[in-house]
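Novice: Structure below; questions to follow.
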There are 2 protein chains.
Amino acid sequence: MWREIREQPDVLRRLLLDGREAIDRVAAAIRDYAPRFAVLVARGTSDHAAAYGKYLLETRLGVPASLAAPSTTTLYHSRPRLDRVLYIAISQSGESPDVVLPTRQAAGSGALTVAITNQNQSPLSAVAAHTLQIMAGEEKAVAATKSYTASLLTLFLLIEAVAGRDAREANDLPQRCTQLLDRQEALEQIALRYRDAEQILITSRGYNEATAREAALKLVEGARIPAVGFSGADLLHGPIAMVERGFPVIAFIPPEAGGRAMGSVVESLLARAVDLLLLGPQHGPAGTTTVLLPDMRPEYLSPVLAIVPFQILALSLGRLRGYDPDRPAGLAKVTRTL
Amino acid sequence: MWREIREQPDVLRRLLLDGREAIDRVAAAIRDYAPRFAVLVARGTSDHAAAYGKYLLETRLGVPASLAAPSTTTLYHSRPRLDRVLYIAISQSGESPDVVLPTRQAAGSGALTVAITNQNQSPLSAVAAHTLQIMAGEEKAVAATKSYTASLLTLFLLIEAVAGRDAREANDLPQRCTQLLDRQEALEQIALRYRDAEQILITSRGYNEATAREAALKLVEGARIPAVGFSGADLLHGPIAMVERGFPVIAFIPPEAGGRAMGSVVESLLARAVDLLLLGPQHGPAGTTTVLLPDMRPEYLSPVLAIVPFQILALSLGRLRGYDPDRPAGLAKVTRTL
């Protein structure tokens, strides 16, 4: 897991250099198709990438997007009309039947299907009209890291290409990712706070709701801590009642609008006297601990970087707690569900 | 909260008797509009109703449906084209700005907007083209109960009416809801198991993913237990690593396809030796405790009933733990977020 976390700058660089041609070709096909709507299908970590993709499609391309509920196909055999629908399937392995089957059916129902996967030869790429390789190299750890950031960047480059923009703001991501890896020591220190934690809540907003959910999953997989991630807005609509004095909460403060919107979330958390750790570009109010992170603007690209500190934290914490983060108990690298 | 839980048979009966005319009128408008796609916007409990609505729209009407991410509008000011989009906003109070603003904008972007709310005179009904009153009567408890089941039934009746079906299978819901309320004593007994629980995981599948998520929120609000709800399929793709020997897990076993699909989820949970409680129509395998519930077929209607035992459990557990379930610490009846 640690090796794969450290590979991320190289993976991102490879995508930026060698991935553009395929991405531009698929983007041209999408422009020709002129989708009115998008559906993203995925499970687990890839579903968090899909959540980021939904935001990008709506805000950067103006195309309303839905996260598929695979059961409507696999359990209930619904067959919605999907002409003018861009159907994006995301799966590292390209193998889970509940991603493959809905994609096959979507292709037969008029959708334009695009697979985003780490495997060119997979059941998923066999059923999708187009396949984009995330070029992450073999991923061995059960807890996905480099395949996640590679999926995010692929989605970003693809959507910008469809919109006819050059995505140049992505060019320094590899270097900025390296800067984040350099925060390893600070994050290992922080991990000590959570050695005996029985649960952790993680929150952020907007584009980085995906970060909160994926960060929680990393803590679950890497350190076997029951952790959940919520958008800060959703949190205020009920779930915040689960946290009281001393409850460990980690808030990622995004740049720009999402960061400003986190203000009231942080206030509400402090009013409950939780044990609050902020990850962000500046120190928080009294009563909080902050891990200062480099500037992650623009916000719409920040999820590619924002997950990295959480990956390091999950790994450090797993080691502290005596687990082997490469082999979370009872999980396999490829999960097959229907 | 208890009074409102017990009112549910009457609320459902009122909707079935007095709500149909308005529902049929709105259904006719939707048929005329011939939507290609649907978007549902909501927060908190209403967002769980929206998750059920998404399943119904896709499986019963063949219309692909998306759960809105309000931030794409409120934080990032995206303005997707929404012609031929049915836009359903669900809010008990009709007041949260992050439901009202996206609905107003959707109305201005070509969508057909329908508000499902307990308030005829609300900011939400003022911006929506059509309003359906869920007729639940004033809801005072912060933890929503009757407004949830009334929202589910309204969605079901509406979607069946659009599809040109008479929804007669809903007619005995009030009586079946009363039967469930009669399980109060058994559920109070079960609550004793969780008096000192530090966390609970709740799972189900398909239409009843909404039940799992709403049940978790009831436990959070009513009994201040950190609880999360997952679809059984999502659970197997990672989060199951958070549970180990003795971890309290409650699985709702739906009828029909969803129930069959829960088989492998229950197996995986038993392999981890969790403390597993099943709620369902028959006894589970060795090593599980079961609360037998009346038959809830058809599956697509079961969420209207399935939440009731969890509401009772949350209330009983809140009392056992010495909380006032009517006033979850730090939550207001109406939450306003942007």
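Identifiers in this document derive from the order of the structure tokens: chains are assigned A, B, ..., residues are numbered from 1 separately in each chain, and ligands are numbered from 1 in order of occurrence.
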Please provide the set of residues having any atom within 8 Å of Pro97 (chain B), restricted to only C-alpha atoms, with same-chain residues fewer than 2 positions apart removed, written as a PDB file with N, CA and C atoms, in the first residue's frame.
Specialist:
```pdb
ATOM      1  N   GLU B  95     -38.532  24.173   3.515  1.00  0.00           N
ATOM      2  CA  GLU B  95     -37.801  25.403   3.828  1.00  0.00           C
ATOM      3  C   GLU B  95     -36.306  25.405   3.551  1.00  0.00           C
ATOM      4  N   VAL B  99     -32.726  22.899  -0.883  1.00  0.00           N
ATOM      5  CA  VAL B  99     -33.744  22.199  -1.663  1.00  0.00           C
ATOM      6  C   VAL B  99     -34.532  23.230  -2.489  1.00  0.00           C
ATOM      7  N   VAL B 100     -34.803  24.365  -1.884  1.00  0.00           N
ATOM      8  CA  VAL B 100     -35.619  25.391  -2.557  1.00  0.00           C
ATOM      9  C   VAL B 100     -34.870  26.010  -3.749  1.00  0.00           C
ATOM     10  N   LEU B 101     -33.610  26.387  -3.550  1.00  0.00           N
ATOM     11  CA  LEU B 101     -32.882  27.078  -4.623  1.00  0.00           C
ATOM     12  C   LEU B 101     -32.685  26.200  -5.863  1.00  0.00           C
ATOM     13  N   ARG B 336     -31.361  24.527   7.968  1.00  0.00           N
ATOM     14  CA  ARG B 336     -31.156  25.361   6.778  1.00  0.00           C
ATOM     15  C   ARG B 336     -29.685  25.324   6.388  1.00  0.00           C
ATOM     16  N   THR B 337     -29.393  24.703   5.273  1.00  0.00           N
ATOM     17  CA  THR B 337     -28.018  24.683   4.771  1.00  0.00           C
ATOM     18  C   THR B 337     -28.019  25.174   3.341  1.00  0.00           C
ATOM     19  N   LEU B 338     -26.850  25.603   2.904  1.00  0.00           N
ATOM     20  CA  LEU B 338     -26.713  26.037   1.507  1.00  0.00           C
ATOM     21  C   LEU B 338     -25.766  25.091   0.805  1.00  0.00           C
TER      22      LEU B 338
END
```
Novice: Could you pull the residues within 10 Å of Gln133 (chain A), counting only C-alpha atoms, minus those fewer than 3 positions along the same chain, as a list in words?
Specialist: Leu15, Gly19, Ala22, Ile23, Gln92, Ala115, Ile116, Thr117, Asn118, Gln119, Asn120, Ser125, His130, Ala136, Gly137, Ala150, Ser151 and Thr154 of chain A
Novice: Would you please work out which residue, of A:Thr203, A:Thr145, A:Asn208, A:Thr74, is nearest to Ala314 (chain A) when using only C-alpha atoms?
Specialist: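 When distances to Ala314 (chain A) are compared using only C-alpha atoms, the smallest one comes from A:Thr145.
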Novice: Residues of chain A within 7 Å of chain B, using only C-alpha atoms, as an mmCIF file with C-alpha atoms, in the first residue's frame?
Specialist:
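This went into part-v7.cif:
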```cif
data_model
loop_
_atom_site.group_PDB
_atom_site.id
_atom_site.type_symbol
_atom_site.label_atom_id
_atom_site.label_comp_id
_atom_site.auth_asym_id
_atom_site.auth_seq_id
_atom_site.Cartn_x
_atom_site.Cartn_y
_atom_site.Cartn_z
ATOM 1 C CA ARG A 43 -18.824 0.221 -6.441
ATOM 2 C CA GLY A 44 -16.545 0.897 -3.486
ATOM 3 C CA TYR A 55 -19.869 16.963 -9.866
ATOM 4 C CA GLU A 58 -22.726 18.961 -13.868
ATOM 5 C CA THR A 59 -20.484 21.913 -13.082
ATOM 6 C CA GLY A 62 -23.622 21.257 -17.684
ATOM 7 C CA VAL A 63 -24.785 17.658 -18.116
ATOM 8 C CA PRO A 64 -26.999 16.333 -15.290
ATOM 9 C CA ALA A 65 -25.503 13.126 -13.955
ATOM 10 C CA SER A 66 -26.722 10.209 -11.891
ATOM 11 C CA LEU A 67 -24.939 7.606 -9.800
ATOM 12 C CA SER A 71 -29.664 -3.319 -8.256
ATOM 13 C CA THR A 72 -32.296 -1.710 -10.449
ATOM 14 C CA LEU A 75 -32.115 -7.467 -9.082
ATOM 15 C CA TYR A 76 -35.141 -5.806 -10.655
ATOM 16 C CA SER A 78 -35.397 -2.532 -15.220
ATOM 17 C CA ARG A 79 -34.548 -1.368 -18.738
ATOM 18 C CA PRO A 80 -34.781 2.415 -18.903
ATOM 19 C CA ARG A 81 -34.447 4.092 -22.290
ATOM 20 C CA GLY A 206 -18.949 19.645 -2.627
ATOM 21 C CA LEU A 217 -13.095 3.768 3.497
ATOM 22 C CA VAL A 220 -11.805 1.160 7.513
ATOM 23 C CA GLU A 221 -9.639 -0.907 5.193
ATOM 24 C CA ARG A 224 -9.985 -1.299 10.749
ATOM 25 C CA ILE A 225 -11.516 1.739 12.367
ATOM 26 C CA PRO A 226 -15.243 2.125 11.866
ATOM 27 C CA ALA A 233 -24.409 19.689 4.555
ATOM 28 C CA ASP A 234 -25.833 16.183 4.902
ATOM 29 C CA HIS A 237 -29.394 17.349 8.491
ATOM 30 C CA GLY A 238 -29.283 14.685 11.196
ATOM 31 C CA PRO A 239 -26.164 12.519 11.405
ATOM 32 C CA ALA A 241 -26.372 13.980 16.398
ATOM 33 C CA MET A 242 -24.100 10.920 16.516
ATOM 34 C CA ALA A 257 -16.519 27.902 -2.196
ATOM 35 C CA GLY A 258 -16.403 24.485 -0.539
ATOM 36 C CA PRO A 328 -7.765 -6.114 5.381
ATOM 37 C CA ALA A 329 -9.442 -9.048 7.111
ATOM 38 C CA GLY A 330 -11.976 -10.737 4.911
ATOM 39 C CA LEU A 331 -11.663 -8.462 1.874
ATOM 40 C CA THR A 335 -15.316 -8.141 -5.003
ATOM 41 C CA THR A 337 -21.580 -8.780 -6.167
#
```
Novice: Do you have the CA of Ala50 (chain B)-CA of Glu160 (chain B) distance handy?
Specialist: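 Computing it gives 15.7 Å between the two atoms.
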Novice: Tell me, in Å to one decimal, how far CA of Lys140 (chain A) is from CA of Tyr52 (chain A).
Specialist: 23.8 Å
Novice: Using only C-alpha atoms, which protein or nucleic acid residues come within 7 Å of Val162 (chain A)? Drop anything in the same chain fewer than 2 positions from it, and give the result as a ChimeraX atom specification.
Specialist: /A:27-28,30-31,158-160,164
Novice: Using only all heavy atoms, please write the residues we just selected to a file, as a tab-separated table (two decimals), in the first residue's frame.
Specialist:
```
chain	number	residue	atom	x	y	z
A	27	ALA	N	-13.25	11.63	-26.04
A	27	ALA	CA	-13.95	12.92	-25.88
A	27	ALA	C	-14.61	13.34	-27.18
A	27	ALA	O	-15.74	13.86	-27.18
A	27	ALA	CB	-12.96	14.00	-25.41
A	28	ALA	N	-13.93	13.10	-28.30
A	28	ALA	CA	-14.52	13.45	-29.60
A	28	ALA	C	-15.78	12.62	-29.85
A	28	ALA	O	-16.80	13.14	-30.34
A	28	ALA	CB	-13.50	13.23	-30.72
A	30	ILE	N	-17.74	11.44	-27.58
A	30	ILE	CA	-18.79	11.94	-26.68
A	30	ILE	C	-19.39	13.23	-27.25
A	30	ILE	O	-20.61	13.42	-27.24
A	30	ILE	CB	-18.23	12.18	-25.25
A	30	ILE	CG1	-17.82	10.83	-24.63
A	30	ILE	CG2	-19.25	12.89	-24.38
A	30	ILE	CD1	-17.09	10.96	-23.30
A	31	ARG	N	-18.54	14.10	-27.77
A	31	ARG	CA	-19.06	15.35	-28.36
A	31	ARG	C	-19.99	15.04	-29.53
A	31	ARG	O	-21.06	15.63	-29.65
A	31	ARG	CB	-17.91	16.24	-28.83
A	31	ARG	CG	-17.45	17.24	-27.77
A	31	ARG	CD	-16.71	18.43	-28.41
A	31	ARG	NE	-15.63	17.96	-29.27
A	31	ARG	CZ	-14.41	17.68	-28.83
A	31	ARG	NH1	-14.10	17.82	-27.55
A	31	ARG	NH2	-13.47	17.27	-29.66
A	158	LEU	N	-10.96	13.82	-19.23
A	158	LEU	CA	-11.99	13.48	-20.21
A	158	LEU	C	-13.05	14.58	-20.30
A	158	LEU	O	-13.40	15.03	-21.40
A	158	LEU	CB	-12.65	12.14	-19.82
A	158	LEU	CG	-13.81	11.69	-20.70
A	158	LEU	CD1	-13.32	11.40	-22.12
A	158	LEU	CD2	-14.51	10.45	-20.12
A	159	ILE	N	-13.53	15.02	-19.15
A	159	ILE	CA	-14.63	15.98	-19.15
A	159	ILE	C	-14.15	17.33	-19.67
A	159	ILE	O	-14.87	18.02	-20.41
A	159	ILE	CB	-15.27	16.04	-17.75
A	159	ILE	CG1	-16.04	14.72	-17.53
A	159	ILE	CG2	-16.18	17.24	-17.58
A	159	ILE	CD1	-16.38	14.40	-16.10
A	160	GLU	N	-12.93	17.73	-19.32
A	160	GLU	CA	-12.39	18.97	-19.86
A	160	GLU	C	-12.21	18.87	-21.38
A	160	GLU	O	-12.47	19.82	-22.10
A	160	GLU	CB	-11.05	19.31	-19.19
A	160	GLU	CG	-11.16	19.63	-17.72
A	160	GLU	CD	-12.06	20.83	-17.43
A	160	GLU	OE1	-11.70	21.96	-17.82
A	160	GLU	OE2	-13.13	20.63	-16.81
A	164	GLY	N	-13.85	21.00	-24.48
A	164	GLY	CA	-12.96	21.75	-25.36
A	164	GLY	C	-11.94	22.60	-24.62
A	164	GLY	O	-11.40	23.56	-25.16
```
Novice: Apply DSSP to the backbone of this structure and, from region 108-332 of chain A, keep only the residues in strand (DSSP E); write these as number ranges by chain.
Specialist: A: 112-117, 130-133, 200-204, 227-231, 248-252, 275-280, 289-292
Novice: To test your reading of the structure, identify every residue in region 51-149 of chain A that backbone DSSP assigns to helix (DSSP H, G or I), and report it as a PyMOL selection string.
Specialist: chain A and resi 51-60+71-74+97-108+123-127+146-149
Novice: Extract, using only C-alpha atoms, all DNA, RNA and protein residues at most 12 Å from Asp172 (chain B), discarding same-chain residues fewer than 4 positions from it, and format them as a ChimeraX atom specification.
Specialist: /B:9-10,12-13,16-17,167-168,176-179,296-298,301,304-305
Novice: Within 6 Å of region 189-191 of chain A, counting only C-alpha atoms, which residues show up once you throw out same-chain ones fewer than 2 positions away? Write them as a list in words, please.
Specialist: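 Here the answer would be Ala186, Leu187, Arg193, Tyr194, Leu313 and Leu317 of chain A.
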Novice: What is the distance, in Å and to one decimal place, between CA of Ala29 (chain B) and CA of Leu112 (chain B)?
Specialist: 8.8 Å
Novice: What lies within 7 Å of Ile253 (chain A) using only C-alpha atoms, ignoring chain neighbours under 2 positions off, as JSON, numbers by chain?
Specialist: {"A": [204, 251, 255, 259, 262, 278, 279, 280]}
Novice: Please, could you write that set of residues out with N, CA, C and O atoms as a CSV table (one decimal), in the first residue's frame?
Specialist:
```
chain,number,residue,atom,x,y,z
A,204,SER,N,-16.4,16.7,4.6
A,204,SER,CA,-15.9,17.8,3.7
A,204,SER,C,-17.2,18.2,2.9
A,204,SER,O,-18.3,17.9,3.3
A,251,ALA,N,-12.1,17.0,9.5
A,251,ALA,CA,-12.7,17.8,8.4
A,251,ALA,C,-11.7,18.2,7.4
A,251,ALA,O,-10.7,18.8,7.8
A,255,PRO,N,-10.4,24.3,-0.8
A,255,PRO,CA,-10.2,25.7,-1.2
A,255,PRO,C,-11.6,26.3,-1.7
A,255,PRO,O,-12.5,25.5,-2.0
A,259,GLY,N,-14.7,25.4,0.8
A,259,GLY,CA,-14.0,25.8,2.1
A,259,GLY,C,-14.8,26.8,2.9
A,259,GLY,O,-15.0,26.6,4.1
A,262,MET,N,-17.7,25.2,4.5
A,262,MET,CA,-17.4,24.3,5.7
A,262,MET,C,-17.4,25.1,7.0
A,262,MET,O,-17.4,24.6,8.1
A,278,LEU,N,-8.5,19.5,11.7
A,278,LEU,CA,-8.7,20.1,10.4
A,278,LEU,C,-7.6,19.8,9.5
A,278,LEU,O,-6.4,19.9,9.9
A,279,LEU,N,-7.8,19.4,8.2
A,279,LEU,CA,-6.8,19.4,7.2
A,279,LEU,C,-7.1,20.5,6.2
A,279,LEU,O,-8.2,20.5,5.6
A,280,GLY,N,-6.2,21.5,6.1
A,280,GLY,CA,-6.5,22.6,5.2
A,280,GLY,C,-5.4,23.5,5.1
A,280,GLY,O,-4.3,23.3,5.7
```
Novice: List the neighbours of Leu276 (chain A) out to 9 Å using only C-alpha atoms; skip same-chain residues closer than 4 positions along the sequence, and give me the result as a list in words.
Specialist: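 Counting only the stated atoms, we get Gly246, Phe247, Pro248, Val249, Ile250, Ala251, Val266, Leu269, Leu270, Gly287, Thr288, Thr289 and Thr290 of chain A.
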